[in-house]
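Colleague: Please read through the structure below; I'll follow up with questions.
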Amino acid sequence: AREVHLVRRPQGMPEPDDFALVDRDLDEPGDGEVLVANQYFSVDPYMRGRMNDVPSYVPPFALNEAMDGRAVGEVVASNSGDVAVGDVVTTNLAWRTHGVVPAKQVQKVAAPQGVSPSAYLGVLGMPGLTAWVGLLDKAAFREGDAVFVSGAAGAVGSLVGQLAKLKGASRVVGSAGSADKVQWLTGELGYDAAFNYKDGPVVDQLRKAMPDGVDVYFDNVGADHLEAAIACANDFARVAACGAIAHYNDTADDPTPGPSNLFQIVKKRLSLQGFIVTDSWQRMGAFLEEVTPWVAEGKVKFSETTAEGIDDAVEAFRGMLRGENTGKMIVKL
Ligand code: NDP
């Protein structure tokens with residue numbers, strides 16, 4: 001198997017030398033284990049946090065070992081009665097071509113006709129559940145709400161806006177980092193408006209796009225985006241605090257400024273709910289029941305940006321942090 005190991009903890013933007021490609025022989029699957037050949041694996045923003053040696057809601061990646069994360073692969077050898085050779089499964093075996101894992105830790109994939117199993121790393125996987133739980137459970141979205149989504153053309157954000165539209169939002173606005181992404185949001189995904197946050201101050205662009213204010217803000221970015229959403233929030237607006245990617249490469253010497261207007265949370269009686277999707281994993285069944293048919297029918301659209309081969313996985317991860325993905329960034333093997 002070929003694996004990507006973390007060999008040095010990144011400072012700021014991860015550099016290629018922080019990682020190493022390592023070839024190693026795998027043991028045969030033991031009792032109750034399966035050998036999986038990966039077809040796809042996911043590179044995600046939260047992995048940047050796991051590269052730091054700090055306590056968090058998931059343990060840091062160990063140095064000189066394969067990193068983990070969500071993957072889809074085919075079982076090529078099985079020593080378990082529950083999983084057969086040829087089954088396509090999701091696992092935690094990212095950042096490697098092959099891996100051996102207990103059969104009870106894999107989930108069989110039954111993708112609808114015409115939908116790639118890689119969708120279970122994005123729109124029908126952890127990012128999709130994040131969008132659904134964040135909007136519905138955490139921001140308590142109600143029909144008629146005006147919704148602002150940052151990171152709107154990413155894996156999570158691209159689903160948030162579509163869900164809000166399907167559930168009767170009065171207005172859905174997204175921000176993203178390129179003209180093409182803005183075009184995709186309004187032209188394909190049904191966002192009412194979108195803007196490129198690199199074109200000018202977020203607060204000015206948001207105020208123009210949402211003159212009647214924001215009832216729900218789905219925050220993937222933090223920093224200037226959160227400040228702008230607070231500035232444009234209506235009384236009693238709700239914020240689902242999902243991520244803060246503007247800060248992930250911060251160093252002690254070079255921090256990205258955070259919002260300077262937190263007192264408006266008091267004045268406007270805002271609710272801001274941070275959440276971690278793994279706490280809501282029991283909602284996966286209800287999420288898939290609602291969203292799978294929409295994906296199968298094309299009512300929910302999704303996009304994947306695909307890197308080819310494990311040798312490009314580190315560049316795929318770095319590219320995702322720089323915004324080179326539209327929708328989910330995937331490594332295809
Ligand atoms: P995305 O697919 O959205 O990829 C990351 C995107 O972030 C890039 O494409 C880039 O797009 C954008 N970005 C990078 N730097 C900046 C910046 N400085 N300012 C604004 N945008 C930036 O990733 P995901 O959909 O997987 O994740 C989105 C967010 O959700 C992340 O913050 C992530 O940590 C969080 N998350 C939280 C979970 C939870 O349980 N709370 C679970 C899953 C994800 P652009 O071109 O627009 O800049």
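Starting from 1 in every chain, residues are counted up; chains themselves are A, B, ... following the order of the structure tokens, and ligands are numbered from 1 as listed.
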If we count only C-alpha atoms and set the cut-off at 9 Å, which residues sit around Ala228 of chain A, ignoring sequence neighbours fewer than 6 positions away in its own chain? Please answer as a PDB file with N, CA and C atoms, in the first residue's frame.

Modeller:
ATOM      1  N   PRO A 201     -15.169  44.745   0.617  1.00  0.00           N
ATOM      2  CA  PRO A 201     -15.511  44.376   1.993  1.00  0.00           C
ATOM      3  C   PRO A 201     -16.788  43.528   2.048  1.00  0.00           C
ATOM      4  N   VAL A 202     -16.743  42.447   2.817  1.00  0.00           N
ATOM      5  CA  VAL A 202     -17.879  41.525   2.891  1.00  0.00           C
ATOM      6  C   VAL A 202     -19.117  42.267   3.377  1.00  0.00           C
ATOM      7  N   VAL A 203     -18.944  43.129   4.358  1.00  0.00           N
ATOM      8  CA  VAL A 203     -20.123  43.796   4.934  1.00  0.00           C
ATOM      9  C   VAL A 203     -20.843  44.640   3.892  1.00  0.00           C
ATOM     10  N   ASP A 204     -20.097  45.309   3.018  1.00  0.00           N
ATOM     11  CA  ASP A 204     -20.741  46.139   1.992  1.00  0.00           C
ATOM     12  C   ASP A 204     -21.480  45.265   0.978  1.00  0.00           C
ATOM     13  N   LEU A 206     -22.574  42.229   1.412  1.00  0.00           N
ATOM     14  CA  LEU A 206     -23.694  41.520   2.038  1.00  0.00           C
ATOM     15  C   LEU A 206     -24.895  42.456   2.218  1.00  0.00           C
ATOM     16  N   ARG A 207     -24.605  43.675   2.656  1.00  0.00           N
ATOM     17  CA  ARG A 207     -25.708  44.620   2.867  1.00  0.00           C
ATOM     18  C   ARG A 207     -26.453  44.876   1.561  1.00  0.00           C
ATOM     19  N   PRO A 259     -14.257  39.131  14.552  1.00  0.00           N
ATOM     20  CA  PRO A 259     -15.269  40.186  14.570  1.00  0.00           C
ATOM     21  C   PRO A 259     -15.022  41.199  15.690  1.00  0.00           C
TER      22      PRO A 259
END

Colleague: Output the neighbourhood of ligand 1 as a PyMOL selection string, that is, all protein and nucleic acid residues with some atom at most 6 Å from the ligand, counting only C-alpha atoms and all ligand atoms.

Modeller: chain A and resi 44-46+127+130+151+154-157+176-178+220-221+242-246+275-277+320-325+327-328

Colleague: Under the rule that only C-alpha atoms are counted, which of A:Val331, A:Val22, A:Val149, A:Ala209 is the nearest residue to His225 of chain A?

Modeller: A:Val149

Colleague: Need the shell around Ala139 of chain A: protein/DNA/RNA residues with any atom at most 12 Å away, counting only C-alpha atoms. Skip same-chain ones fewer than 2 positions apart. Format as a PyMOL selection string?

Modeller: chain A and resi 130-137+141-142+145-149+160+164+215-219+236-242+270-275

Colleague: When you count only C-alpha atoms, which of these residues is closest to Val101 of chain A: A:Ala152, A:Met67, A:Ala77, A:Val36?

Modeller: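 Closest candidate: A:Val36.
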
Colleague: Distance atom CA of Gly125 of chain A-atom CA of Asp31 of chain A, one decimal place?

Modeller: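 Result for atom CA of Gly125 of chain A versus atom CA of Asp31 of chain A: 28.5 Å, one decimal.
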
Colleague: From the options A:Leu189, A:Ala119, A:Ala223, A:Val76, which residue's atoms come nearest to Met329 of chain A, counting only C-alpha atoms?

Modeller: A:Ala119

Colleague: Identify which of the residues A:Tyr120, A:Tyr191, A:Trp95, A:Trp294 lies closest to Ala1 of chain A, counting only C-alpha atoms when measuring atom-to-atom distances.

Modeller: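 The closest residue to Ala1 of chain A is A:Trp95.
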
Colleague: Could you pull out the residues in segment 105-257 of chain A that DSSP calls strand (DSSP E or B) from the backbone, as a PyMOL selection string?

Modeller: chain A and resi 107-108+146-149+154+171-176+193-196+214-219+233-241+251+254

Colleague: Export N, CA and C atoms of the chosen residues as a CSV table (one decimal), in the first residue's frame?

Modeller:
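Ended up saving to result.csv:
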chain,number,residue,atom,x,y,z
A,107,GLN,N,-19.1,0.5,6.4
A,107,GLN,CA,-20.5,0.6,6.1
A,107,GLN,C,-20.7,0.4,4.6
A,108,LYS,N,-21.6,-0.5,4.2
A,108,LYS,CA,-21.8,-0.8,2.8
A,108,LYS,C,-22.5,0.4,2.2
A,146,ALA,N,-34.5,34.5,5.7
A,146,ALA,CA,-33.5,35.0,4.8
A,146,ALA,C,-32.1,34.4,5.3
A,147,VAL,N,-31.5,33.7,4.4
A,147,VAL,CA,-30.3,32.9,4.8
A,147,VAL,C,-29.1,33.4,4.1
A,148,PHE,N,-28.0,33.6,4.8
A,148,PHE,CA,-26.7,33.9,4.2
A,148,PHE,C,-25.7,32.7,4.6
A,149,VAL,N,-25.0,32.2,3.5
A,149,VAL,CA,-24.1,31.1,3.7
A,149,VAL,C,-22.7,31.6,3.2
A,154,GLY,N,-18.6,25.4,-1.4
A,154,GLY,CA,-17.8,24.3,-1.0
A,154,GLY,C,-18.8,23.1,-0.7
A,171,ARG,N,-35.0,34.3,1.0
A,171,ARG,CA,-33.9,34.7,0.2
A,171,ARG,C,-32.7,33.9,0.6
A,172,VAL,N,-31.9,33.5,-0.4
A,172,VAL,CA,-30.6,32.8,0.0
A,172,VAL,C,-29.5,33.4,-0.8
A,173,VAL,N,-28.5,33.8,0.0
A,173,VAL,CA,-27.3,34.5,-0.6
A,173,VAL,C,-26.1,33.8,-0.1
A,174,GLY,N,-25.1,33.6,-1.0
A,174,GLY,CA,-23.9,33.0,-0.7
A,174,GLY,C,-22.7,33.8,-1.0
A,175,SER,N,-21.6,33.6,-0.3
A,175,SER,CA,-20.3,34.2,-0.7
A,175,SER,C,-19.3,33.1,-1.0
A,176,ALA,N,-18.4,33.4,-2.0
A,176,ALA,CA,-17.4,32.4,-2.4
A,176,ALA,C,-16.2,33.2,-3.0
A,193,ALA,N,-28.8,35.3,-4.9
A,193,ALA,CA,-27.7,36.2,-5.2
A,193,ALA,C,-26.4,35.6,-4.6
A,194,ALA,N,-25.3,36.0,-5.1
A,194,ALA,CA,-24.0,35.6,-4.5
A,194,ALA,C,-23.0,36.6,-4.8
A,195,PHE,N,-21.9,36.7,-4.0
A,195,PHE,CA,-20.8,37.6,-4.3
A,195,PHE,C,-19.5,37.0,-4.0
A,196,ASN,N,-18.5,37.6,-4.7
A,196,ASN,CA,-17.1,37.1,-4.5
A,196,ASN,C,-16.5,38.0,-3.4
A,214,VAL,N,-30.5,39.6,7.6
A,214,VAL,CA,-30.2,38.1,7.6
A,214,VAL,C,-30.9,37.5,8.8
A,215,ASP,N,-31.7,36.5,8.6
A,215,ASP,CA,-32.3,35.8,9.7
A,215,ASP,C,-31.5,34.6,10.2
A,216,VAL,N,-30.8,33.9,9.2
A,216,VAL,CA,-30.0,32.8,9.5
A,216,VAL,C,-28.7,33.0,8.8
A,217,TYR,N,-27.6,32.8,9.6
A,217,TYR,CA,-26.3,32.8,9.0
A,217,TYR,C,-25.6,31.5,9.2
A,218,PHE,N,-25.2,30.8,8.1
A,218,PHE,CA,-24.5,29.5,8.2
A,218,PHE,C,-23.0,29.9,8.0
A,219,ASP,N,-22.2,29.8,9.1
A,219,ASP,CA,-20.8,30.3,9.1
A,219,ASP,C,-19.8,29.2,8.8
A,233,ALA,N,-27.4,41.3,10.6
A,233,ALA,CA,-28.4,40.4,11.2
A,233,ALA,C,-29.7,41.1,11.6
A,234,ASN,N,-30.8,40.5,11.5
A,234,ASN,CA,-32.0,41.0,12.0
A,234,ASN,C,-32.1,40.6,13.5
A,235,ASP,N,-33.0,41.3,14.3
A,235,ASP,CA,-33.2,40.9,15.7
A,235,ASP,C,-33.6,39.5,15.7
A,236,PHE,N,-33.0,38.8,16.7
A,236,PHE,CA,-33.3,37.3,17.0
A,236,PHE,C,-32.8,36.4,15.8
A,237,ALA,N,-31.9,36.9,15.0
A,237,ALA,CA,-31.3,36.0,14.0
A,237,ALA,C,-30.5,34.9,14.7
A,238,ARG,N,-30.3,33.8,13.9
A,238,ARG,CA,-29.6,32.6,14.5
A,238,ARG,C,-28.4,32.3,13.6
A,239,VAL,N,-27.3,32.0,14.2
A,239,VAL,CA,-26.0,31.7,13.5
A,239,VAL,C,-25.7,30.2,13.8
A,240,ALA,N,-25.5,29.4,12.8
A,240,ALA,CA,-24.9,28.1,12.9
A,240,ALA,C,-23.4,28.2,12.7
A,241,ALA,N,-22.6,28.1,13.8
A,241,ALA,CA,-21.2,28.3,13.7
A,241,ALA,C,-20.6,27.0,13.4
A,251,THR,N,-1.1,31.6,12.7
A,251,THR,CA,-0.1,31.4,13.6
A,251,THR,C,-0.1,32.4,14.7
A,254,ASP,N,0.7,35.7,13.3
A,254,ASP,CA,0.0,36.2,12.2
A,254,ASP,C,-1.5,35.8,12.2

Colleague: In segment 31-135 of chain A, what's alpha helix (DSSP H) per DSSP? Answer as a list of chain:residue names?

Modeller: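 DSSP-assigned alpha helix (DSSP H) residues in segment 31-135 of chain A: A:Tyr46, A:Met47, A:Arg48, A:Gly49, A:Arg50, A:Met126, A:Pro127, A:Gly128, A:Leu129, A:Thr130, A:Ala131, A:Trp132.
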
Colleague: Quick one: residues within 9 Å of Tyr40 of chain A, only C-alpha atoms counted, chain neighbours fewer than 5 positions away excluded, as a PDB file with C-alpha atoms, in the first residue's frame?

Modeller:
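Produced file result_37.pdb, reproduced below:
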ATOM      1  CA  ARG A  70     -13.376   9.182   5.222  1.00  0.00           C
ATOM      2  CA  ALA A  71     -12.817   6.939   2.207  1.00  0.00           C
ATOM      3  CA  VAL A  72     -14.799   4.765  -0.208  1.00  0.00           C
ATOM      4  CA  GLY A  73     -13.292   1.530  -1.438  1.00  0.00           C
ATOM      5  CA  ALA A  94      -8.191   7.973   3.931  1.00  0.00           C
ATOM      6  CA  THR A  97      -4.386   3.198  -1.355  1.00  0.00           C
ATOM      7  CA  PRO A 117     -20.156   6.300  -4.522  1.00  0.00           C
ATOM      8  CA  SER A 118     -17.848   9.298  -3.994  1.00  0.00           C
ATOM      9  CA  LEU A 121     -17.771  11.604   0.985  1.00  0.00           C
ATOM     10  CA  ILE A 330     -11.899  14.314  -3.633  1.00  0.00           C
ATOM     11  CA  VAL A 331      -8.819  12.200  -4.272  1.00  0.00           C
ATOM     12  CA  LYS A 332      -9.557   9.440  -6.822  1.00  0.00           C
ATOM     13  CA  LEU A 333      -7.320   6.387  -6.887  1.00  0.00           C
TER      14      LEU A 333
END

Colleague: Using only C-alpha atoms, which residue out of A:Lys268, A:Gln39, A:Gly258, A:Ser56 lies closest to Thr91 of chain A?

Modeller: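 The closest residue to Thr91 of chain A is A:Gln39.
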
Colleague: Residues of segment 26-61 of chain A that approach segment 5-10 of chain A to 9 Å or less, counting only C-alpha atoms: could you list each one with the shortest pair of atoms and its distance in Å to one decimal, rows by chain and increasing residue number, as a tab-separated table?

Modeller:
residue	atom	partner	partner_atom	distance
A:Arg48	CA	A:Pro10	CA	8.7
A:Met51	CA	A:Arg9	CA	5.8
A:Asn52	CA	A:Arg9	CA	6.0
A:Asp53	CA	A:Arg9	CA	7.5
A:Phe61	CA	A:Leu6	CA	7.4

Colleague: Please report the interatomic distance between atom CA of Pro55 of chain A and atom CA of Pro16 of chain A in Å with one decimal.

Modeller: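 Atom-to-atom, atom CA of Pro55 of chain A to atom CA of Pro16 of chain A, that is 24.2 Å.
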
Colleague: Quick one: pull the distance between atom CA of Arg96 of chain A and atom CA of Asn38 of chain A, Å, one decimal.

Modeller: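 Going from atom CA of Arg96 of chain A over to atom CA of Asn38 of chain A, I get 7.5 Å.
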
Colleague: Can you list, as a list in words, every protein, DNA or RNA residue that comes within 12 Å of Asp253 of chain A when you count only C-alpha atoms, leaving out same-chain residues fewer than 4 positions away?

Modeller: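 The neighbour list is Gln11, Gly12, Asn249 and Pro257 of chain A.
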
Colleague: May I have the selected residues written with C-alpha atoms, as an mmCIF file, in the first residue's frame?

Modeller:
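Result file is part03.cif:
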data_model
loop_
_atom_site.group_PDB
_atom_site.id
_atom_site.type_symbol
_atom_site.label_atom_id
_atom_site.label_comp_id
_atom_site.auth_asym_id
_atom_site.auth_seq_id
_atom_site.Cartn_x
_atom_site.Cartn_y
_atom_site.Cartn_z
ATOM 1 C CA GLN A 11 3.219 26.227 10.495
ATOM 2 C CA GLY A 12 0.598 28.247 8.619
ATOM 3 C CA ASN A 249 -3.675 28.559 8.969
ATOM 4 C CA PRO A 257 -8.643 39.453 12.902
#

Colleague: Quick one: residues within 10 Å of Ala84 of chain A, only C-alpha atoms counted, chain neighbours fewer than 5 positions away excluded, as a PyMOL selection string?

Modeller: chain A and resi 34+74-79+103

Colleague: Taking N, CA and C atoms for each residue, export the selection above as a short mmCIF file (atom, residue, chain, number, x, y, z; two decimals), in the first residue's frame.

Modeller:
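Heads up, here's the output in out.cif:
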data_model
loop_
_atom_site.label_atom_id
_atom_site.label_comp_id
_atom_site.auth_asym_id
_atom_site.auth_seq_id
_atom_site.Cartn_x
_atom_site.Cartn_y
_atom_site.Cartn_z
N VAL A 34 -11.22 -7.01 7.02
CA VAL A 34 -11.28 -6.97 5.55
C VAL A 34 -10.13 -6.11 5.02
N GLU A 74 -13.32 -0.68 -2.35
CA GLU A 74 -13.89 -2.00 -2.63
C GLU A 74 -13.16 -3.04 -1.78
N VAL A 75 -13.95 -3.93 -1.20
CA VAL A 75 -13.36 -5.01 -0.40
C VAL A 75 -12.69 -5.99 -1.36
N VAL A 76 -11.39 -6.23 -1.17
CA VAL A 76 -10.67 -7.15 -2.07
C VAL A 76 -10.27 -8.45 -1.38
N ALA A 77 -10.36 -8.49 -0.05
CA ALA A 77 -10.19 -9.76 0.68
C ALA A 77 -10.98 -9.64 1.96
N SER A 78 -11.66 -10.70 2.33
CA SER A 78 -12.51 -10.62 3.52
C SER A 78 -12.32 -11.84 4.40
N ASN A 79 -12.22 -11.58 5.68
CA ASN A 79 -12.17 -12.67 6.66
C ASN A 79 -13.34 -12.50 7.63
N ALA A 103 -14.27 -5.55 10.00
CA ALA A 103 -15.47 -5.44 9.17
C ALA A 103 -16.55 -4.62 9.87
#
